[in-house]
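Visitor: Can you keep this structure in mind? I'll have questions shortly.
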Amino acid sequence: MEVDESSPSSQLSSPSSLSSDSIDLNFLPFLRREPKSEPASPEHGPLPPPLPLPLQATAAVAAAFAAPTTPDLSSPEVLPPLQLLPPNPDEDALFAEYCRLASLYLLSAGAGAIMPAPTSEATAPAAVQPGSGSAAKKRRPRSSELVRVSSLSVRDQIYFRDLVRRARITFESLRGLLLKDDERAEALGLAGVIGLGSVDRRRVRADLRAAALMADRDLWLNRDRRIVGPIPGIAVGDAFFFRMELCVLGLHGQVQAGIDYLSAGQSASGEPIATSIIVSGGYEDDDDRGDVLVYTGHGGRDPNLHKHCIDQKLEGGNLALERSMAYGIEIRVIRAVKSKRSPVGKVYFYDGLYKVVDYWLDRGKAGFGVYKYKMIRIEGQEPMGSVNYRAAEHLKVDALSMRPTGYLSFDISMGREIMPIALYNDVDDDRDPLLFEYLARPIFPSSAVQGKFAEGGGGCGCIENCSIGCYCAERNGGEFAYDKAGVLLRGKPLLYECGPYCQCPPSCPNRVSQKGLKSRLEVFRSRETGWGVRSLDLIKSGTFICEFSGIVLTHQQSEIVAASGDCLVHPNRFPSRWLDWGDISDVYPEYVAPNHPATTDLNFSIDVSRARNVACYFSHSCSPNVFIQFVLFDHYNVSYPHLMIFALENIPPLRELSIDYGMIDEWVGKLTM
């Protein structure tokens, strides 16, 4: 199992501390030509106007929290100038022809045609947020400088991954908060969106409003540079549910258009350069075979019929793809796949880098001319997320047809979980997980969960699903922890779910983690981490995954058992990663993490040396994709909560689940060896 001995906080470095040995940034040393206005395209959608957080949510945040001191992780990086960077023959060769033509263009255009682009502060006044009375920061335009990032060290990879994760958590937390506010407004009969007058809130999606709020605070990533190739912090196979999230991260900068490119007006050479495309399946002339893709250019479509009605032209994004082929510039490819687990019915997978190797004008199925581009995936990359998604769907239906050998069990829980958990090993002869008794729920000491701790003052008296104001809501600080889909809105020191002493039905939205697994999990043998766990389902961030289970021991029992060398898990060693989930302090500095309901010092341990569950095989990581949230539901002793595991980010199928165990010693190794 791969273990990083340093603490998670020590893995983070400020952008200014990154050395030129680990990051190679090639800036094009040319003045920008003043961008020309281009005709509007129906494929390009505008970003929503600046929006304030709904007044109800803003008032609640301001009243409940005091201003904390939060480090600004979204500030632009302080990068060394070109002259201070070491030469890179590979990158110089890639841009050599482009730079030569750019020089010729600058010389031929004449001095009068060259001028620096005006700054945003000089071109427009600050925007005023409706209803706020305060000036919002002017949105920063996208840079026209092409940059390539390469040779990242492990330390830098962790830094950028955490930076991207923080932006994604902010986006998803804002979206969840806005949806929650919409629900309250609808319950009160309010249809309009605060700040937009009578506009129906159902027509202004929460993801658009969340992205607009982040844009107003200059929290969109990679706006100060146009990155060619991979985006630091984004891995091949990553999953996204909203196109606006792609824009926020700089993976694909167009809200609606399928081709993202540097326009001719912004390019130093006067030629457009493409950087990414989205394959959405909306073009009937596309031919997608995975590693080989024939992509249809944009334009020529009727916006209502979604079919071609005129010939396409070699301009805009179409010309940009042709120019990228000429200069050998790789293209990021994002694929959209239909999914029932997505709130919008589809999920976007980043499938890696492709090269355009050919293009031609062809007669499309509708009878009109379309430009087609043959792209081939660059070798040596991680498996495509879209391919893994389809493979996982097949494995759930007919596993043996894809993996004839390697399965040691199709359900190590022996029916104790509501979903089967397979055990797979195609690496060696290890069969250790079969030697343990599977324990779906932890066994608590009777003294800790009986008597006064059992009822804990009783449960709610709700006849139907619980609502704000009920007894269980008050226990959670006046609000419920989950949205309508059962997604955790924000982490807390402790959560109360409705339990056996509550009158509400099983369908109550405050009963989530107690219902058990929602995803198909698989324990598998890895050459790198020993035993690990992956999911066959796409897991959305904030979703409950499973519980950490075993025999719960008191502090006194723990000391005795530890002396015998048994494997004990100590809950107080897990870092408080729940603090990250729901954190919107980058947008609203008044926000601080909730401190209620509170929990006491957790001095108990969990013995997993004889009985355990699937969670015991999660690998350790200082940059994990899941976190621990303490929950009570079947008893009310705050000293012995359940250890519930939630997703810290969107986890695509077949990606290993990792958790931060905190203090690292031999007990972690015993879990996954």
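Residues in the structure tokens are named by chain (A, B, ... in the order shown) and by number from 1 within that chain; ligands are numbered from 1 in the order shown.
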What are the closest atom pairs, with distances in Å to one decimal, for each residue of region 296-393 of chain A lying within 10 Å of region 213-228 of chain A, using only C-alpha atoms, rows by chain and rising residue number, as a tab-separated table?
Guide:
```
residue	atom	partner	partner_atom	distance
A:Ile329	CA	A:Val228	CA	7.5
A:Glu330	CA	A:Val228	CA	7.3
A:Ile331	CA	A:Val228	CA	7.8
A:Arg332	CA	A:Val228	CA	8.4
```
Visitor: The selected residues should be written to file as an mmCIF file, in the first residue's frame (atoms: N, CA and C atoms).
Guide:
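The result, stored in selection39.cif:
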```cif
data_model
loop_
_atom_site.group_PDB
_atom_site.id
_atom_site.type_symbol
_atom_site.label_atom_id
_atom_site.label_comp_id
_atom_site.auth_asym_id
_atom_site.auth_seq_id
_atom_site.Cartn_x
_atom_site.Cartn_y
_atom_site.Cartn_z
ATOM 1 N N ILE A 329 -0.819 20.279 -32.326
ATOM 2 C CA ILE A 329 -1.286 20.587 -30.968
ATOM 3 C C ILE A 329 -2.379 19.600 -30.582
ATOM 4 N N GLU A 330 -2.220 18.954 -29.437
ATOM 5 C CA GLU A 330 -3.186 17.961 -28.991
ATOM 6 C C GLU A 330 -4.478 18.621 -28.506
ATOM 7 N N ILE A 331 -5.543 17.836 -28.517
ATOM 8 C CA ILE A 331 -6.877 18.316 -28.165
ATOM 9 C C ILE A 331 -7.392 17.523 -26.970
ATOM 10 N N ARG A 332 -7.898 18.222 -25.963
ATOM 11 C CA ARG A 332 -8.582 17.542 -24.857
ATOM 12 C C ARG A 332 -9.964 17.109 -25.325
#
```
Visitor: Write out as number ranges by chain each polymer residue whose atoms come within 9 Å of Asp260 (chain A), counting only C-alpha atoms; drop sequence neighbours fewer than 3 positions from it.
Guide: A: 252-254, 257, 273-278, 317, 320
Visitor: Generate the output file for the selected residues, N, CA, C and O atoms, as a PDB file, in the first residue's frame.
Guide:
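Listed below is the output, part.pdb:
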```
ATOM      1  N   HIS A 252     -12.894  23.098 -20.377  1.00  0.00           N
ATOM      2  CA  HIS A 252     -13.538  23.470 -21.638  1.00  0.00           C
ATOM      3  C   HIS A 252     -14.236  24.799 -21.392  1.00  0.00           C
ATOM      4  O   HIS A 252     -15.118  24.883 -20.535  1.00  0.00           O
ATOM      5  N   GLY A 253     -13.856  25.826 -22.117  1.00  0.00           N
ATOM      6  CA  GLY A 253     -14.295  27.179 -21.790  1.00  0.00           C
ATOM      7  C   GLY A 253     -15.573  27.650 -22.443  1.00  0.00           C
ATOM      8  O   GLY A 253     -15.957  28.803 -22.247  1.00  0.00           O
ATOM      9  N   GLN A 254     -16.240  26.807 -23.219  1.00  0.00           N
ATOM     10  CA  GLN A 254     -17.470  27.220 -23.905  1.00  0.00           C
ATOM     11  C   GLN A 254     -18.688  26.656 -23.186  1.00  0.00           C
ATOM     12  O   GLN A 254     -18.731  25.467 -22.872  1.00  0.00           O
ATOM     13  N   ALA A 257     -20.890  25.703 -26.999  1.00  0.00           N
ATOM     14  CA  ALA A 257     -20.183  25.263 -28.201  1.00  0.00           C
ATOM     15  C   ALA A 257     -19.335  24.035 -27.916  1.00  0.00           C
ATOM     16  O   ALA A 257     -18.763  23.893 -26.836  1.00  0.00           O
ATOM     17  N   ILE A 273      -6.642  28.575 -32.730  1.00  0.00           N
ATOM     18  CA  ILE A 273      -6.041  27.332 -32.251  1.00  0.00           C
ATOM     19  C   ILE A 273      -7.035  26.645 -31.323  1.00  0.00           C
ATOM     20  O   ILE A 273      -7.494  27.230 -30.341  1.00  0.00           O
ATOM     21  N   ALA A 274      -7.397  25.382 -31.609  1.00  0.00           N
ATOM     22  CA  ALA A 274      -8.344  24.625 -30.786  1.00  0.00           C
ATOM     23  C   ALA A 274      -7.617  23.965 -29.627  1.00  0.00           C
ATOM     24  O   ALA A 274      -6.469  23.525 -29.764  1.00  0.00           O
ATOM     25  N   THR A 275      -8.293  23.892 -28.472  1.00  0.00           N
ATOM     26  CA  THR A 275      -7.699  23.266 -27.282  1.00  0.00           C
ATOM     27  C   THR A 275      -8.522  22.101 -26.746  1.00  0.00           C
ATOM     28  O   THR A 275      -7.965  21.205 -26.111  1.00  0.00           O
ATOM     29  N   SER A 276      -9.847  22.080 -26.961  1.00  0.00           N
ATOM     30  CA  SER A 276     -10.677  20.991 -26.429  1.00  0.00           C
ATOM     31  C   SER A 276     -11.967  20.885 -27.215  1.00  0.00           C
ATOM     32  O   SER A 276     -12.415  21.846 -27.850  1.00  0.00           O
ATOM     33  N   ILE A 277     -12.572  19.705 -27.159  1.00  0.00           N
ATOM     34  CA  ILE A 277     -13.877  19.480 -27.776  1.00  0.00           C
ATOM     35  C   ILE A 277     -14.728  18.651 -26.822  1.00  0.00           C
ATOM     36  O   ILE A 277     -14.216  17.965 -25.944  1.00  0.00           O
ATOM     37  N   ILE A 278     -16.036  18.734 -27.007  1.00  0.00           N
ATOM     38  CA  ILE A 278     -16.984  17.888 -26.293  1.00  0.00           C
ATOM     39  C   ILE A 278     -17.714  17.026 -27.314  1.00  0.00           C
ATOM     40  O   ILE A 278     -18.296  17.539 -28.273  1.00  0.00           O
ATOM     41  N   GLY A 317     -14.231  27.600 -35.005  1.00  0.00           N
ATOM     42  CA  GLY A 317     -13.731  26.366 -34.410  1.00  0.00           C
ATOM     43  C   GLY A 317     -13.306  25.344 -35.436  1.00  0.00           C
ATOM     44  O   GLY A 317     -12.368  24.556 -35.190  1.00  0.00           O
ATOM     45  N   ALA A 320      -9.968  26.290 -36.449  1.00  0.00           N
ATOM     46  CA  ALA A 320      -9.064  26.087 -35.313  1.00  0.00           C
ATOM     47  C   ALA A 320      -8.606  24.634 -35.211  1.00  0.00           C
ATOM     48  O   ALA A 320      -7.440  24.366 -34.915  1.00  0.00           O
TER      49      ALA A 320
END
```
Visitor: For each of A:Leu488, A:Cys247, A:Ala598, A:Val279, take the minimum atom-to-atom distance to Phe544 (chain A), counting only C-alpha atoms, then give the residue where this is smallest.
Guide: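 Nearest to Phe544 (chain A): A:Leu488.
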Visitor: Identify which of the residues A:Val337, A:Ala562, A:Leu517, A:Leu654 lies closest to Pro383 (chain A), counting only C-alpha atoms when measuring atom-to-atom distances.
Guide: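 Ranking A:Val337, A:Ala562, A:Leu517, A:Leu654 by distance to Pro383 (chain A), first place goes to A:Leu654.
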Visitor: Skipping near chain neighbours, those fewer than 6 positions away, what residues fall within 9 Å of region 395-397 of chain A using only C-alpha atoms, listed as a ChimeraX atom specification?
Guide: /A:403,520,536-537
Visitor: Once you have the residues from the selection above, write them out as a PDB file, in the first residue's frame, restricted to N, CA and C atoms.
Guide:
```pdb
ATOM      1  N   ARG A 403     -14.630 -11.003 -17.446  1.00  0.00           N
ATOM      2  CA  ARG A 403     -13.544 -11.507 -16.605  1.00  0.00           C
ATOM      3  C   ARG A 403     -13.797 -12.984 -16.307  1.00  0.00           C
ATOM      4  N   ARG A 520     -22.655  -0.433  -6.090  1.00  0.00           N
ATOM      5  CA  ARG A 520     -22.035  -1.741  -6.206  1.00  0.00           C
ATOM      6  C   ARG A 520     -20.531  -1.589  -6.005  1.00  0.00           C
ATOM      7  N   LEU A 536     -18.531  -0.056  -9.046  1.00  0.00           N
ATOM      8  CA  LEU A 536     -19.020  -0.293 -10.407  1.00  0.00           C
ATOM      9  C   LEU A 536     -20.024   0.767 -10.821  1.00  0.00           C
ATOM     10  N   ASP A 537     -20.430   1.604  -9.872  1.00  0.00           N
ATOM     11  CA  ASP A 537     -21.377   2.678 -10.141  1.00  0.00           C
ATOM     12  C   ASP A 537     -20.671   4.021 -10.102  1.00  0.00           C
TER      13      ASP A 537
END
```
Visitor: Kindly give the distance, in Å, that separates CA of Ile158 (chain A) and CA of Glu656 (chain A), rounded to a single decimal.
Guide: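 Interatomic distance here is 16.4 Å.
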Visitor: What parts of region 352-596 of chain A does DSSP call strand (DSSP E)? I'd like the answer as a VMD selection string.
Guide: chain A and resid 352 to 363 369 to 377 407 to 409 422 to 424 437 to 438 495 to 496 521 to 526 530 to 535 544 to 547 551 to 553 568 to 569
Visitor: Hey, what's within 9 Å of Leu632 (chain A) if we count only C-alpha atoms and toss same-chain stuff fewer than 5 positions away? As an NGL selection string, please?
Guide: :A and (494-499 or 637-638 or 640-642)
Visitor: Save the residues we just selected, all heavy atoms, as a compact mmCIF listing (two decimals), in the first residue's frame?
Guide:
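This went into result-v6.txt:
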```txt
# COMPACT_ATOMS: atom_id res chain seq x y z
N LEU A 494 -21.22 16.32 13.89
CA LEU A 494 -22.08 15.15 14.16
C LEU A 494 -23.42 15.38 13.49
O LEU A 494 -23.93 16.51 13.47
CB LEU A 494 -22.27 14.97 15.67
CG LEU A 494 -23.14 13.81 16.14
CD1 LEU A 494 -22.48 12.48 15.82
CD2 LEU A 494 -23.40 13.92 17.65
N LEU A 495 -23.99 14.33 12.93
CA LEU A 495 -25.31 14.41 12.31
C LEU A 495 -26.28 13.49 13.04
O LEU A 495 -25.90 12.38 13.45
CB LEU A 495 -25.26 13.99 10.84
CG LEU A 495 -24.47 14.87 9.87
CD1 LEU A 495 -24.55 14.30 8.47
CD2 LEU A 495 -24.97 16.30 9.90
N TYR A 496 -27.51 13.95 13.19
CA TYR A 496 -28.59 13.12 13.74
C TYR A 496 -29.53 12.75 12.61
O TYR A 496 -30.13 13.61 11.97
CB TYR A 496 -29.36 13.88 14.82
CG TYR A 496 -28.66 14.00 16.14
CD1 TYR A 496 -27.88 15.12 16.43
CD2 TYR A 496 -28.78 13.00 17.11
CE1 TYR A 496 -27.23 15.24 17.65
CE2 TYR A 496 -28.13 13.12 18.34
CZ TYR A 496 -27.36 14.23 18.60
OH TYR A 496 -26.72 14.35 19.81
N GLU A 497 -29.65 11.45 12.36
CA GLU A 497 -30.68 10.97 11.45
C GLU A 497 -31.86 10.47 12.28
O GLU A 497 -31.72 10.13 13.46
CB GLU A 497 -30.15 9.83 10.58
CG GLU A 497 -29.12 10.26 9.57
CD GLU A 497 -28.77 9.16 8.58
OE1 GLU A 497 -29.40 8.07 8.65
OE2 GLU A 497 -27.88 9.37 7.73
N CYS A 498 -33.03 10.45 11.67
CA CYS A 498 -34.20 9.92 12.35
C CYS A 498 -33.98 8.43 12.64
O CYS A 498 -33.41 7.70 11.82
CB CYS A 498 -35.44 10.11 11.50
SG CYS A 498 -35.88 11.86 11.25
N GLY A 499 -34.40 7.99 13.81
CA GLY A 499 -34.13 6.63 14.23
C GLY A 499 -35.36 5.84 14.63
O GLY A 499 -36.49 6.22 14.29
N ASN A 637 -25.73 8.23 22.15
CA ASN A 637 -24.51 8.43 22.91
C ASN A 637 -23.48 9.08 21.99
O ASN A 637 -22.91 8.43 21.11
CB ASN A 637 -23.98 7.10 23.45
CG ASN A 637 -22.84 7.27 24.43
OD1 ASN A 637 -22.19 8.32 24.47
ND2 ASN A 637 -22.58 6.24 25.23
N VAL A 638 -23.22 10.38 22.19
CA VAL A 638 -22.34 11.12 21.29
C VAL A 638 -20.90 10.64 21.37
O VAL A 638 -20.09 11.00 20.51
CB VAL A 638 -22.40 12.63 21.61
CG1 VAL A 638 -23.80 13.18 21.34
CG2 VAL A 638 -21.98 12.91 23.04
N TYR A 640 -20.08 7.54 21.01
CA TYR A 640 -19.96 6.35 20.17
C TYR A 640 -20.77 6.52 18.87
O TYR A 640 -21.73 5.79 18.62
CB TYR A 640 -20.44 5.11 20.92
CG TYR A 640 -19.54 4.70 22.06
CD1 TYR A 640 -19.70 5.24 23.33
CD2 TYR A 640 -18.52 3.77 21.87
CE1 TYR A 640 -18.88 4.87 24.37
CE2 TYR A 640 -17.70 3.39 22.90
CZ TYR A 640 -17.87 3.94 24.16
OH TYR A 640 -17.05 3.58 25.19
N PRO A 641 -20.39 7.46 18.01
CA PRO A 641 -21.13 7.64 16.76
C PRO A 641 -20.75 6.58 15.72
O PRO A 641 -19.72 5.90 15.84
CB PRO A 641 -20.69 9.03 16.30
CG PRO A 641 -19.29 9.15 16.82
CD PRO A 641 -19.29 8.43 18.15
N HIS A 642 -21.59 6.47 14.70
CA HIS A 642 -21.26 5.64 13.54
C HIS A 642 -20.27 6.40 12.66
O HIS A 642 -20.33 7.62 12.54
CB HIS A 642 -22.52 5.33 12.74
CG HIS A 642 -23.47 4.41 13.44
ND1 HIS A 642 -23.50 3.05 13.22
CD2 HIS A 642 -24.45 4.66 14.36
CE1 HIS A 642 -24.45 2.50 13.96
NE2 HIS A 642 -25.03 3.45 14.67
```
Visitor: Considering only C-alpha atoms, state which residue in the set A:Gln256, A:Asn304, A:Ser519, A:Ser605 is at the smallest distance from Met419 (chain A).
Guide: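 Closest to Met419 (chain A) of all the choices is A:Ser519.
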Visitor: With DSSP run on the backbone, what are the helix (DSSP H, G or I) residues within region 329-516 of chain A? I'd like them as an mmCIF file with C-alpha atoms, in the first residue's frame.
Guide:
```
data_model
loop_
_atom_site.group_PDB
_atom_site.id
_atom_site.type_symbol
_atom_site.label_atom_id
_atom_site.label_comp_id
_atom_site.auth_asym_id
_atom_site.auth_seq_id
_atom_site.Cartn_x
_atom_site.Cartn_y
_atom_site.Cartn_z
ATOM 1 C CA GLY A 385 -13.718 7.348 -18.200
ATOM 2 C CA SER A 386 -16.429 6.729 -20.791
ATOM 3 C CA VAL A 387 -14.972 3.270 -21.570
ATOM 4 C CA ASN A 388 -14.758 2.376 -17.874
ATOM 5 C CA TYR A 389 -18.347 3.508 -17.397
ATOM 6 C CA ARG A 390 -19.636 1.171 -20.100
ATOM 7 C CA ALA A 391 -17.392 -1.668 -18.908
ATOM 8 C CA ALA A 392 -18.721 -1.302 -15.359
ATOM 9 C CA GLU A 393 -22.300 -1.394 -16.605
ATOM 10 C CA HIS A 394 -21.487 -4.658 -18.397
ATOM 11 C CA LEU A 395 -19.783 -6.105 -15.306
ATOM 12 C CA LYS A 396 -22.937 -5.550 -13.253
ATOM 13 C CA VAL A 397 -24.947 -7.621 -15.724
ATOM 14 C CA ALA A 399 -19.198 -10.235 -15.090
ATOM 15 C CA LEU A 400 -17.841 -13.582 -16.279
ATOM 16 C CA SER A 401 -18.107 -12.664 -19.943
ATOM 17 C CA MET A 402 -15.608 -9.857 -19.363
ATOM 18 C CA ASP A 432 -7.349 -13.076 2.984
ATOM 19 C CA PRO A 433 -10.685 -11.169 2.824
ATOM 20 C CA LEU A 434 -12.476 -14.533 2.830
ATOM 21 C CA LEU A 435 -10.992 -15.331 6.252
ATOM 22 C CA SER A 446 -24.127 -2.699 25.521
ATOM 23 C CA SER A 447 -23.204 -0.188 28.211
ATOM 24 C CA ALA A 448 -22.748 2.499 25.554
ATOM 25 C CA VAL A 449 -26.076 2.158 23.753
ATOM 26 C CA LYS A 452 -30.467 6.562 28.893
ATOM 27 C CA PHE A 453 -28.398 6.408 25.673
ATOM 28 C CA ALA A 454 -31.009 4.355 23.827
ATOM 29 C CA GLU A 455 -33.868 6.842 23.669
ATOM 30 C CA TYR A 471 -37.444 17.718 16.743
ATOM 31 C CA CYS A 472 -34.757 16.050 14.608
ATOM 32 C CA ALA A 473 -34.157 19.245 12.623
ATOM 33 C CA GLU A 474 -33.565 21.125 15.879
ATOM 34 C CA ARG A 475 -31.054 18.471 16.918
ATOM 35 C CA SER A 513 -26.742 6.391 5.765
ATOM 36 C CA GLN A 514 -28.719 3.967 7.943
ATOM 37 C CA LYS A 515 -30.185 2.363 4.809
#
```
Visitor: Using only C-alpha atoms, determine which residues lie at most 8 Å from region 501-509 of chain A, disregarding the query and same-chain residues fewer than 6 positions distant; provide the list as a list in words.
Guide: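 Non-adjacent residues within range: Glu455, Gly458, Gly459, Cys460, Gly461, Cys462, Ile463, Glu464, Asn465, Cys466, Tyr482, Asp483, Lys484, Ala485 and Gly486 of chain A.
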Visitor: So how many Å separate CA of Phe240 (chain A) and CA of Tyr350 (chain A), to one decimal?
Guide: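 We find that CA of Phe240 (chain A) and CA of Tyr350 (chain A) lie 8.3 Å from each other.
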Visitor: Please measure the separation of CA of Lys307 (chain A) and CA of Ile259 (chain A), giving the value in Å to one decimal.
Guide: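 CA of Ile259 (chain A) lies 17.8 Å from CA of Lys307 (chain A).
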Visitor: For Ile310 (chain A), please output as a list in words all residues within 12 Å (counting only C-alpha atoms; exclusion window: fewer than 4 positions along the same chain).
Guide: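 Surrounding residues, per the criterion: His298, Gly299, Gly300, Arg301, Asp302, Arg363, Gly364, Ala366, Gly367, Phe368, Gly369 and Val370 of chain A.
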Visitor: Write out as a PDB file with N, CA and C atoms, in the first residue's frame which residues come within 8 Å of Tyr283 (chain A) when counting only C-alpha atoms, dropping same-chain ones fewer than 3 positions away.
Guide:
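File written: result_31.pdb
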```
ATOM      1  N   SER A 280     -20.757  15.048 -27.691  1.00  0.00           N
ATOM      2  CA  SER A 280     -22.030  14.899 -26.980  1.00  0.00           C
ATOM      3  C   SER A 280     -22.987  13.944 -27.645  1.00  0.00           C
ATOM      4  N   ASP A 286     -21.018  12.111 -36.629  1.00  0.00           N
ATOM      5  CA  ASP A 286     -19.873  11.687 -35.822  1.00  0.00           C
ATOM      6  C   ASP A 286     -19.704  10.167 -35.899  1.00  0.00           C
ATOM      7  N   THR A 296     -17.358  15.767 -36.128  1.00  0.00           N
ATOM      8  CA  THR A 296     -17.979  16.683 -37.069  1.00  0.00           C
ATOM      9  C   THR A 296     -17.829  18.117 -36.580  1.00  0.00           C
ATOM     10  N   LYS A 307     -30.647  19.504 -37.014  1.00  0.00           N
ATOM     11  CA  LYS A 307     -30.112  18.867 -38.213  1.00  0.00           C
ATOM     12  C   LYS A 307     -29.477  19.929 -39.093  1.00  0.00           C
TER      13      LYS A 307
END
```
